[in-house]
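Peer 1: Coordinates in work_6.tsv, TSV, C-alpha atoms and all ligand atoms, are listed below.
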chain	number	residue	atom	x	y	z
J	79	MET	CA	0.00	0.00	0.00
J	80	ALA	CA	1.12	3.54	-0.73
J	81	ASP	CA	2.89	5.66	1.88
J	82	GLY	CA	3.99	2.70	3.98
J	83	PHE	CA	0.52	1.96	5.36
J	84	LEU	CA	-0.03	-1.76	5.72
J	85	PRO	CA	-3.08	-3.73	4.71
J	86	ARG	CA	-4.69	-4.99	7.88
J	87	THR	CA	-6.17	-8.29	8.86
J	88	ALA	CA	-9.87	-9.00	9.08
J	89	ALA	CA	-11.13	-9.77	12.56
J	90	ASP	CA	-13.97	-12.00	13.60
J	91	ALA	CA	-17.15	-10.37	12.40
J	92	SER	CA	-18.97	-9.90	15.70
J	93	PRO	CA	-19.35	-6.18	16.54
J	94	LEU	CA	-18.08	-4.39	19.61
J	95	ILE	CA	-20.79	-4.42	22.28
J	96	ASP	CA	-20.25	-2.84	25.68
J	97	GLY	CA	-21.45	-4.06	29.06
J	98	PHE	CA	-24.75	-2.17	28.65
J	99	GLY	CA	-25.62	-3.68	25.27
J	100	ARG	CA	-24.60	-0.64	23.19
J	101	THR	CA	-22.90	-1.41	19.89
J	102	ILE	CA	-19.86	0.76	19.19
J	103	ARG	CA	-19.97	2.03	15.61
J	104	TYR	CA	-18.24	5.37	15.89
J	105	LEU	CA	-14.61	6.25	16.64
J	106	ARG	CA	-13.28	9.77	17.05
J	107	LEU	CA	-9.54	10.13	16.71
J	108	SER	CA	-7.57	13.06	18.05
J	109	VAL	CA	-4.91	13.29	15.34
J	110	THR	CA	-2.88	15.75	17.39
J	111	ASP	CA	-3.31	17.54	20.71
J	112	ARG	CA	-1.81	20.70	19.18
J	113	CYS	CA	-3.90	23.53	17.85
J	114	ASP	CA	-3.36	26.89	16.19
J	115	PHE	CA	-6.20	28.43	18.25
J	116	ARG	CA	-6.50	28.74	22.01
J	117	CYS	CA	-10.26	28.80	22.52
J	118	VAL	CA	-10.97	30.07	26.00
J	119	TYR	CA	-13.26	27.15	26.92
J	120	CYS	CA	-10.76	24.56	25.66
J	121	MET	CA	-7.13	25.41	26.38
J	122	SER	CA	-5.17	27.92	28.37
J	123	GLU	CA	-2.82	30.06	26.35
J	124	ASP	CA	0.28	28.45	27.87
J	125	VAL	CA	-1.01	24.86	27.57
J	126	SER	CA	1.73	22.23	27.42
J	127	PHE	CA	1.44	19.50	24.83
J	128	VAL	CA	2.37	15.83	25.13
J	129	PRO	CA	5.92	14.85	24.09
J	130	ARG	CA	6.06	13.99	20.40
J	131	ASP	CA	7.41	10.46	20.93
J	132	GLU	CA	4.27	9.63	22.91
J	133	VAL	CA	2.03	10.65	20.02
J	134	LEU	CA	1.07	7.82	17.68
J	135	THR	CA	2.55	8.02	14.20
J	136	LEU	CA	0.09	8.37	11.33
J	137	GLU	CA	0.77	4.72	10.43
J	138	GLU	CA	-0.06	3.68	14.01
J	139	MET	CA	-3.26	5.74	13.91
J	140	ASP	CA	-4.22	4.07	10.66
J	141	ARG	CA	-3.57	0.70	12.25
J	142	VAL	CA	-5.79	1.34	15.28
J	143	CYS	CA	-8.57	2.88	13.16
J	144	SER	CA	-8.43	-0.07	10.80
J	145	ALA	CA	-8.66	-2.49	13.72
J	146	PHE	CA	-11.82	-0.67	14.84
J	147	VAL	CA	-13.22	-0.87	11.30
J	148	ALA	CA	-12.50	-4.61	11.30
J	149	LEU	CA	-14.55	-4.81	14.52
J	150	GLY	CA	-17.58	-3.08	13.03
J	151	VAL	CA	-16.95	0.65	13.46
J	152	ARG	CA	-18.74	2.38	10.54
J	153	LYS	CA	-17.92	6.02	11.19
J	154	LEU	CA	-14.57	7.70	11.81
J	155	ARG	CA	-14.12	11.33	12.75
J	156	LEU	CA	-10.71	12.99	12.77
J	157	THR	CA	-10.48	15.70	15.37
J	158	GLY	CA	-7.97	17.10	17.84
J	159	GLY	CA	-6.41	19.59	18.68
J	160	GLU	CA	-6.60	20.81	15.14
J	161	PRO	CA	-6.40	17.77	12.86
J	162	LEU	CA	-5.48	19.76	9.76
J	163	ILE	CA	-2.28	21.17	11.29
J	164	ARG	CA	-0.71	17.75	11.74
J	165	ARG	CA	2.03	17.33	9.15
J	166	GLY	CA	1.10	14.68	6.59
J	167	VAL	CA	-2.48	14.36	7.84
J	168	MET	CA	-3.78	13.95	4.30
J	169	THR	CA	-1.75	10.73	4.02
J	170	LEU	CA	-3.82	9.37	6.88
J	171	VAL	CA	-7.08	10.64	5.38
J	172	ARG	CA	-6.30	9.00	2.03
J	173	ALA	CA	-5.26	5.76	3.73
J	174	LEU	CA	-8.49	5.62	5.76
J	175	GLY	CA	-10.43	6.37	2.57
J	176	ARG	CA	-9.67	2.84	1.44
J	177	HIS	CA	-12.25	1.57	3.94
J	178	LEU	CA	-14.89	3.78	2.30
J	179	ALA	CA	-13.93	2.41	-1.09
J	180	ALA	CA	-14.13	-1.14	0.28
J	181	GLY	CA	-17.60	-0.49	1.76
J	182	THR	CA	-16.42	-1.35	5.29
J	183	LEU	CA	-16.80	2.25	6.46
J	184	ASP	CA	-19.87	4.46	5.92
J	185	GLU	CA	-18.35	7.80	6.75
J	186	LEU	CA	-15.03	9.54	7.27
J	187	THR	CA	-15.44	13.06	8.64
J	188	VAL	CA	-13.33	15.82	10.12
J	189	THR	CA	-13.95	18.35	12.90
J	190	THR	CA	-11.86	21.43	12.30
J	191	ASN	CA	-11.50	25.04	13.34
J	192	GLY	CA	-11.41	25.84	9.62
J	193	SER	CA	-8.08	27.68	9.65
J	194	GLN	CA	-6.47	25.25	7.17
J	195	LEU	CA	-9.60	24.21	5.35
J	196	ALA	CA	-9.12	26.35	2.26
J	197	ARG	CA	-5.84	24.48	1.66
J	198	HIS	CA	-7.23	20.98	2.26
J	199	ALA	CA	-10.89	21.01	1.21
J	200	ALA	CA	-10.44	19.65	-2.31
J	201	GLU	CA	-8.10	16.90	-1.12
J	202	LEU	CA	-10.49	15.90	1.64
J	203	ALA	CA	-13.29	15.56	-0.89
J	204	ALA	CA	-11.05	13.55	-3.22
J	205	ALA	CA	-10.23	11.15	-0.37
J	206	GLY	CA	-13.92	10.40	0.16
J	207	VAL	CA	-14.78	12.84	2.94
J	208	ARG	CA	-18.34	14.10	2.35
J	209	ARG	CA	-18.87	16.44	5.26
J	210	VAL	CA	-16.90	18.43	7.77
J	211	ASN	CA	-17.78	20.08	11.05
J	212	VAL	CA	-16.39	23.57	11.47
J	213	SER	CA	-16.31	25.21	14.89
J	214	LEU	CA	-17.57	28.75	14.74
J	215	ASP	CA	-18.94	30.45	17.84
J	216	THR	CA	-19.43	33.93	16.43
J	217	LEU	CA	-19.58	35.89	13.18
J	218	ASP	CA	-18.07	38.95	14.77
J	219	PRO	CA	-14.33	39.25	13.97
J	220	VAL	CA	-13.42	40.95	17.26
J	221	ARG	CA	-15.41	38.50	19.34
J	222	PHE	CA	-13.95	35.64	17.30
J	223	ARG	CA	-10.47	36.82	18.26
J	224	THR	CA	-11.46	37.06	21.92
J	225	ILE	CA	-12.89	33.53	22.00
J	226	THR	CA	-10.19	31.80	19.95
J	227	ARG	CA	-7.40	34.10	21.18
J	228	TRP	CA	-5.28	33.37	18.06
J	229	GLY	CA	-7.80	32.80	15.26
J	230	ARG	CA	-8.83	34.98	12.32
J	231	LEU	CA	-12.49	34.81	11.34
J	232	GLU	CA	-11.76	35.69	7.71
J	233	ARG	CA	-9.62	32.58	7.21
J	234	VAL	CA	-12.29	30.35	8.67
J	235	LEU	CA	-14.94	31.87	6.40
J	236	GLU	CA	-12.63	31.29	3.43
J	237	GLY	CA	-12.20	27.70	4.57
J	238	ILE	CA	-15.96	27.18	4.78
J	239	ALA	CA	-16.42	28.65	1.30
J	240	ALA	CA	-13.68	26.35	-0.06
J	241	ALA	CA	-15.30	23.34	1.56
J	242	ARG	CA	-18.66	24.20	0.02
J	243	ALA	CA	-16.98	24.74	-3.37
J	244	ALA	CA	-15.33	21.31	-3.07
J	245	GLY	CA	-18.77	19.77	-2.57
J	246	LEU	CA	-18.40	19.09	1.16
J	247	ALA	CA	-21.42	19.47	3.40
J	248	VAL	CA	-20.54	21.79	6.27
J	249	LYS	CA	-21.98	21.67	9.75
J	250	ILE	CA	-21.21	24.58	12.02
J	251	ASN	CA	-20.54	23.76	15.69
J	252	CYS	CA	-21.19	26.61	18.07
J	253	VAL	CA	-20.51	26.34	21.80
J	254	ALA	CA	-23.24	28.31	23.56
J	255	LEU	CA	-21.68	30.67	26.09
J	256	LYS	CA	-23.73	32.76	28.46
J	257	GLY	CA	-22.83	36.41	28.22
J	258	VAL	CA	-20.43	35.75	25.34
J	259	ASN	CA	-22.34	34.72	22.21
J	260	GLU	CA	-25.91	34.12	23.37
J	261	ASP	CA	-27.02	37.27	21.52
J	262	GLU	CA	-25.80	35.80	18.22
J	263	PHE	CA	-27.80	32.61	17.78
J	264	ASP	CA	-30.41	34.31	15.59
J	265	ARG	CA	-27.72	35.70	13.34
J	266	LEU	CA	-25.98	32.30	13.12
J	267	ILE	CA	-29.24	30.53	12.27
J	268	GLY	CA	-29.91	33.03	9.48
J	269	TRP	CA	-26.35	32.88	8.16
J	270	CYS	CA	-26.23	29.07	8.19
J	271	GLY	CA	-29.55	29.04	6.32
J	272	GLU	CA	-28.08	31.30	3.64
J	273	GLN	CA	-24.89	29.24	3.39
J	274	GLY	CA	-26.72	25.92	3.27
J	275	CYS	CA	-24.95	24.69	6.43
J	276	ASP	CA	-26.44	22.76	9.33
J	277	LEU	CA	-25.86	24.34	12.73
J	278	THR	CA	-25.46	22.67	16.10
J	279	LEU	CA	-25.44	24.49	19.40
J	280	ILE	CA	-23.40	22.75	22.09
J	281	GLU	CA	-23.53	23.10	25.87
J	282	VAL	CA	-20.16	24.02	27.32
J	283	MET	CA	-18.72	21.10	29.27
J	284	PRO	CA	-16.56	21.25	32.40
J	285	LEU	CA	-13.40	20.11	30.62
J	286	GLY	CA	-10.01	21.65	30.03
J	287	ASP	CA	-9.05	24.91	31.66
J	288	ILE	CA	-12.15	24.95	33.84
J	289	ASP	CA	-11.56	28.26	35.55
J	290	GLY	CA	-10.10	29.66	32.38
J	291	ALA	CA	-7.95	32.74	32.32
J	292	GLY	CA	-9.23	36.12	31.20
J	293	GLY	CA	-12.45	35.94	33.17
J	294	PHE	CA	-13.83	32.89	31.35
J	295	SER	CA	-15.28	30.23	33.60
J	296	ARG	CA	-17.27	27.17	32.55
J	297	ALA	CA	-19.76	27.35	35.38
J	298	ALA	CA	-20.52	31.03	34.83
J	299	GLN	CA	-20.87	30.53	31.09
J	300	PHE	CA	-23.05	27.44	31.11
J	301	LEU	CA	-26.25	28.02	29.18
J	302	PRO	CA	-28.86	25.24	29.28
J	303	LEU	CA	-29.99	24.69	25.70
J	304	SER	CA	-33.53	23.84	26.78
J	305	ALA	CA	-33.91	27.54	27.66
J	306	VAL	CA	-32.18	28.63	24.44
J	307	ARG	CA	-34.48	26.43	22.39
J	308	ALA	CA	-37.58	27.80	24.09
J	309	ASP	CA	-36.37	31.32	23.41
J	310	LEU	CA	-35.57	30.60	19.75
J	311	ALA	CA	-39.02	29.05	19.31
J	312	ARG	CA	-40.53	32.51	19.92
J	313	ARG	CA	-38.97	33.79	16.70
J	314	TRP	CA	-38.39	30.70	14.55
J	315	SER	CA	-40.60	27.77	13.73
J	316	LEU	CA	-38.69	24.73	14.92
J	317	GLU	CA	-40.06	21.44	13.69
J	318	PRO	CA	-38.56	18.35	15.40
J	319	LEU	CA	-36.88	15.95	12.98
J	320	GLY	CA	-36.38	12.23	13.34
J	321	PHE	CA	-33.08	12.75	11.48
J	322	SER	CA	-29.87	11.57	13.14
J	323	SER	CA	-26.36	12.34	11.97
J	324	GLY	CA	-25.11	9.36	13.99
J	325	GLY	CA	-23.98	11.76	16.73
J	326	PRO	CA	-25.63	13.11	19.86
J	327	ALA	CA	-27.53	16.11	18.42
J	328	ARG	CA	-31.31	16.42	18.57
J	329	TRP	CA	-32.44	18.07	15.37
J	330	VAL	CA	-35.15	20.49	14.29
J	331	ARG	CA	-35.92	22.06	10.92
J	332	VAL	CA	-35.98	25.87	10.95
J	333	GLY	CA	-39.09	26.72	8.90
J	334	GLU	CA	-37.92	30.21	7.87
J	335	THR	CA	-34.54	29.08	6.46
J	336	GLY	CA	-35.20	25.44	5.63
J	337	GLY	CA	-31.95	24.64	7.48
J	338	ARG	CA	-31.36	22.09	10.21
J	339	LEU	CA	-30.53	23.09	13.76
J	340	GLY	CA	-29.17	20.59	16.30
J	341	PHE	CA	-28.90	20.79	20.07
J	342	ILE	CA	-26.18	18.90	21.92
J	343	THR	CA	-27.08	18.82	25.59
J	344	PRO	CA	-24.60	16.69	27.54
J	345	LEU	CA	-25.44	18.46	30.78
J	346	SER	CA	-29.10	19.45	30.69
J	347	GLU	CA	-30.33	16.31	28.93
J	348	LYS	CA	-27.99	13.33	28.83
J	349	PHE	CA	-27.94	11.08	25.77
J	350	CYS	CA	-25.66	8.36	27.18
J	351	GLU	CA	-28.12	5.48	26.72
J	352	ALA	CA	-27.72	5.76	22.95
J	353	CYS	CA	-23.96	6.36	23.00
J	354	ASN	CA	-22.20	4.48	20.20
J	355	ARG	CA	-18.86	6.28	20.46
J	356	VAL	CA	-15.37	5.95	21.85
J	357	ARG	CA	-12.39	8.26	21.45
J	358	LEU	CA	-8.75	7.59	20.73
J	359	THR	CA	-6.35	10.20	22.03
J	360	ALA	CA	-3.31	11.29	20.09
J	361	THR	CA	-1.16	9.17	22.41
J	362	GLY	CA	-3.18	6.01	21.84
J	363	SER	CA	-5.28	6.08	24.97
J	364	LEU	CA	-8.81	4.81	24.38
J	365	ALA	CA	-11.19	7.14	26.22
J	366	LEU	CA	-14.36	5.18	26.79
J	367	CYS	CA	-16.44	8.27	27.62
J	368	LEU	CA	-15.68	11.97	27.19
J	369	GLY	CA	-17.07	12.71	30.64
J	370	ARG	CA	-15.32	9.99	32.65
J	371	SER	CA	-11.70	9.19	33.33
J	372	GLU	CA	-11.84	5.50	32.31
J	373	ALA	CA	-9.30	4.84	29.55
J	374	VAL	CA	-7.30	1.92	28.22
J	375	GLU	CA	-3.78	2.38	26.86
J	376	LEU	CA	-3.52	0.92	23.38
J	377	ARG	CA	-0.05	2.20	22.51
J	378	PRO	CA	1.72	-0.80	24.12
J	379	LEU	CA	-0.45	-3.13	22.00
J	380	VAL	CA	0.46	-1.18	18.87
J	381	ARG	CA	4.18	-0.71	19.50
J	382	GLY	CA	4.71	-4.03	21.29
J	383	TYR	CA	3.38	-6.21	18.46
J	384	PRO	CA	4.51	-4.84	15.11
J	385	GLY	CA	2.92	-6.78	12.27
J	386	ASP	CA	0.55	-8.67	14.58
J	387	ASP	CA	-2.90	-7.16	15.10
J	388	GLY	CA	-4.14	-10.04	17.27
J	389	PRO	CA	-3.29	-8.45	20.65
J	390	LEU	CA	-4.70	-5.09	19.53
J	391	LEU	CA	-8.01	-6.59	18.39
J	392	ALA	CA	-8.32	-8.61	21.60
J	393	GLY	CA	-7.40	-5.50	23.61
J	394	LEU	CA	-10.15	-3.48	21.92
J	395	ARG	CA	-12.75	-6.09	22.78
J	396	ARG	CA	-11.60	-6.16	26.41
J	397	ALA	CA	-11.55	-2.37	26.61
J	398	ILE	CA	-15.08	-1.85	25.29
J	399	ALA	CA	-16.50	-4.02	28.06
J	400	HIS	CA	-15.43	-1.26	30.47
J	401	LYS	CA	-17.31	1.58	28.80
J	402	PRO	CA	-19.20	3.36	31.61
J	403	ASP	CA	-22.98	3.64	31.47
J	404	ALA	CA	-23.02	7.46	31.61
J	405	HIS	CA	-20.79	10.50	31.84
J	406	GLY	CA	-20.00	12.11	35.15
J	407	PHE	CA	-20.30	15.81	34.36
J	408	GLY	CA	-21.76	17.61	37.32
J	409	THR	CA	-20.94	14.74	39.70
J	410	ALA	CA	-17.99	13.70	41.85
J	411	ALA	CA	-16.42	12.22	38.69
J	412	CYS	CA	-15.68	15.74	37.44
J	413	PRO	CA	-12.65	16.40	39.66
J	414	ALA	CA	-11.40	12.93	38.69
J	415	LEU	CA	-11.49	14.00	35.06
J	416	ALA	CA	-9.39	17.03	35.81
J	417	ALA	CA	-6.99	14.89	37.83
J	418	ALA	CA	-6.69	12.51	34.90
J	419	GLY	CA	-5.56	15.49	32.83
J	420	ARG	CA	-8.43	14.90	30.42
J	421	LEU	CA	-8.24	17.88	28.13
J	422	MET	CA	-10.55	18.27	25.16
J	423	ASN	CA	-7.68	18.78	22.72
J	424	LEU	CA	-5.94	15.54	23.71
J	425	THR	CA	-9.10	13.46	23.87
J	426	GLY	CA	-10.71	14.94	20.81
J	427	GLY	CA	-13.97	16.86	20.83
T	1	LIG	N1	-9.83	22.05	16.42
T	1	LIG	C1	-11.04	21.41	15.99
T	1	LIG	C2	-12.22	22.35	16.13
T	1	LIG	O1	-12.03	23.49	16.55
T	1	LIG	O2	-13.31	21.93	15.81
T	1	LIG	C3	-11.33	20.08	16.64
T	1	LIG	C4	-11.11	19.94	18.11
T	1	LIG	S1	-12.20	20.86	19.14
T	1	LIG	C5	-11.67	20.32	20.76
T	1	LIG	C6	-13.73	20.02	18.86
T	1	LIG	C7	-14.95	20.68	19.39
T	1	LIG	O3	-14.92	20.68	20.80
T	1	LIG	C8	-15.11	22.12	18.96
T	1	LIG	O4	-16.37	22.28	18.34
T	1	LIG	C9	-15.06	22.88	20.27
T	1	LIG	O5	-15.87	24.00	20.23
T	1	LIG	C10	-15.55	21.85	21.25
T	1	LIG	N2	-15.15	22.10	22.63
T	1	LIG	C11	-13.93	22.33	23.13
T	1	LIG	N3	-13.96	22.51	24.47
T	1	LIG	C12	-15.27	22.40	24.83
T	1	LIG	C13	-15.97	22.47	26.07
T	1	LIG	N4	-15.35	22.72	27.22
T	1	LIG	N5	-17.31	22.29	26.04
T	1	LIG	C14	-17.97	22.04	24.88
T	1	LIG	N6	-17.36	21.93	23.69
T	1	LIG	C15	-16.03	22.14	23.66
Can the structure from this file be put into structure tokens for me?
Peer 2:
Amino acid sequence: MADGFLPRTAADASPLIDGFGRTIRYLRLSVTDRCDFRCVYCMSEDVSFVPRDEVLTLEEMDRVCSAFVALGVRKLRLTGGEPLIRRGVMTLVRALGRHLAAGTLDELTVTTNGSQLARHAAELAAAGVRRVNVSLDTLDPVRFRTITRWGRLERVLEGIAAARAAGLAVKINCVALKGVNEDEFDRLIGWCGEQGCDLTLIEVMPLGDIDGAGGFSRAAQFLPLSAVRADLARRWSLEPLGFSSGGPARWVRVGETGGRLGFITPLSEKFCEACNRVRLTATGSLALCLGRSEAVELRPLVRGYPGDDGPLLAGLRRAIAHKPDAHGFGTAACPALAAAGRLMNLTGG
């Protein structure tokens, strides 16, 4: 295979089922913990990153993803950190695209801050990616700079335009922040309608730099989306949709724009009973739930057995059995998460 990526063995066909009967079909991979933005709710400005030799190589990431595909995972999302700043990332995207071509994977997607999207959009589409999620919390350039600290809105908008031009569907992810962007949801709904993009609003989670610098604090900024939805319903006709993107959003159709609007409510309305996801950190740690500290280290199974996927496949099956029933946000498990150093950029949002 091109670029040194190896063909991988088929596993036994039975899917990955956790201890609560949920079938795992969706893997999110944090391609890198590094990012070219420093969003206030995600990372502190002086965040330290993991040593490079602890980060899986692109070949190792391909190997773990392919093992998951062999065990029935149908959807892969590359995230981070910022996935599109990892050198050579397109090699990984093209390699994973072989599973789409083989029909063993339904979807390969990317979550990005959009800063490098103009450069990569056409290549992503050529590799079989059909949609991307772009994080965009505001359409105001000054506010954008305040939230992302290092980002430029203009580049992200160029990236979104390039993605649309390349034929990629774009979903905008907006973290709802009390007192920061709550006055902009109407504008974002209208703009997404014009652009032909879906929009999801996301509740801010107590992860990362919880008492963030610069006056940002998760607790003070938390905005329950039930209240936001009720408020939006005064001005927009929101028709519930049965539609699922395979993720946790609950969707409505916005009558006035024809666009879709999703609500991701990890805190105000849990969706753990339908969870079909696990996350692989950039260092090869399998995070069984974003909101719990349980994780299984896969790197020893990757590096310890070159050329033999047997231990890795067996390790994945063992690991999945330990997936917790529900996240622990808002409970005593929260401090444990912080103690485990579980940052959004390492785990992958
Ligand atoms: N760099 C990429 C991006 O910006 O989309 C991918 C990684 S980023 C960690 C993935 C998503 O996590 C983004 O949509 C971001 O807004 C969200 N996120 C980060 N920290 C969060 C938090 N504390 N609560 C809720 N969402 C968060």
Peer 1: Using all atoms listed in the file, which residue out of J:Cys270, J:Met422, J:Leu202, J:Ile238 lies closest to ligand LIG 1 (chain T)?
Peer 2: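 The answer is J:Met422, which sits nearest to ligand LIG 1 (chain T).
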Peer 1: Please return as an MDAnalysis selection string the residues found within 6 Å of ligand LIG 1 (chain T), counting only C-alpha atoms and all ligand atoms.
Peer 2: chainID J and resid 119:120 157:160 189:191 212:213 251 253 281:285 422:423 426:427
Peer 1: Find the residue from J:Ser193, J:Asn354, J:Thr216, J:Thr110 that sits nearest to Val167 in chain J; use all atoms listed in the file when measuring.
Peer 2: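 So, comparing all the options, the nearest one is J:Thr110.
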Peer 1: Identify, on the basis of all atoms listed in the file, every residue whose closest approach to range 246-248 of chain J does not exceed 12 Å; exclude the query and any residue fewer than 3 positions from it along the same chain; express the result as a VMD selection string.
Peer 2: chain J and resid 186 to 192 195 to 196 198 to 214 235 237 to 243 251 270 to 271 273 to 278 337 to 338
Peer 1: Separation of CA of Ser363 in chain J and CA of Ala145 in chain J, in Å?
Peer 2: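 We find that CA of Ser363 in chain J and CA of Ala145 in chain J lie 14.5 Å from each other.
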Peer 1: Let me make sure I understand: among J:Arg395, J:Arg328, J:Arg116, J:Arg357, which one has the smallest atom-to-atom distance to Ser304 in chain J if we use only C-alpha atoms?
Peer 2: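 Ranking J:Arg395, J:Arg328, J:Arg116, J:Arg357 by distance to Ser304 in chain J, first place goes to J:Arg328.
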Peer 1: Build an axis-aligned box that encloses every atom of range 328-333 of chain J listed in the file, pad it by 6 Å on each side, and report its centre and edge lengths in Å to one decimal, as lines of an AutoDock Vina configuration file.
Peer 2:
center_x = -35.2
center_y = 21.6
center_z = 13.7
size_x = 19.8
size_y = 22.3
size_z = 21.7
Peer 1: Choose the residue, out of J:Arg370, J:Lys348, J:Arg355, J:Arg396, that has the smallest atom-to-atom separation from Arg152 in chain J; count all atoms listed in the file.
Peer 2: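 Closest to Arg152 in chain J, using all atoms listed in the file: J:Arg355.
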Peer 1: CA of Arg112 in chain J and CA of Pro344 in chain J are how many Å apart?
Peer 2: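 For CA of Arg112 in chain J relative to CA of Pro344 in chain J, the distance reads 24.6 Å.
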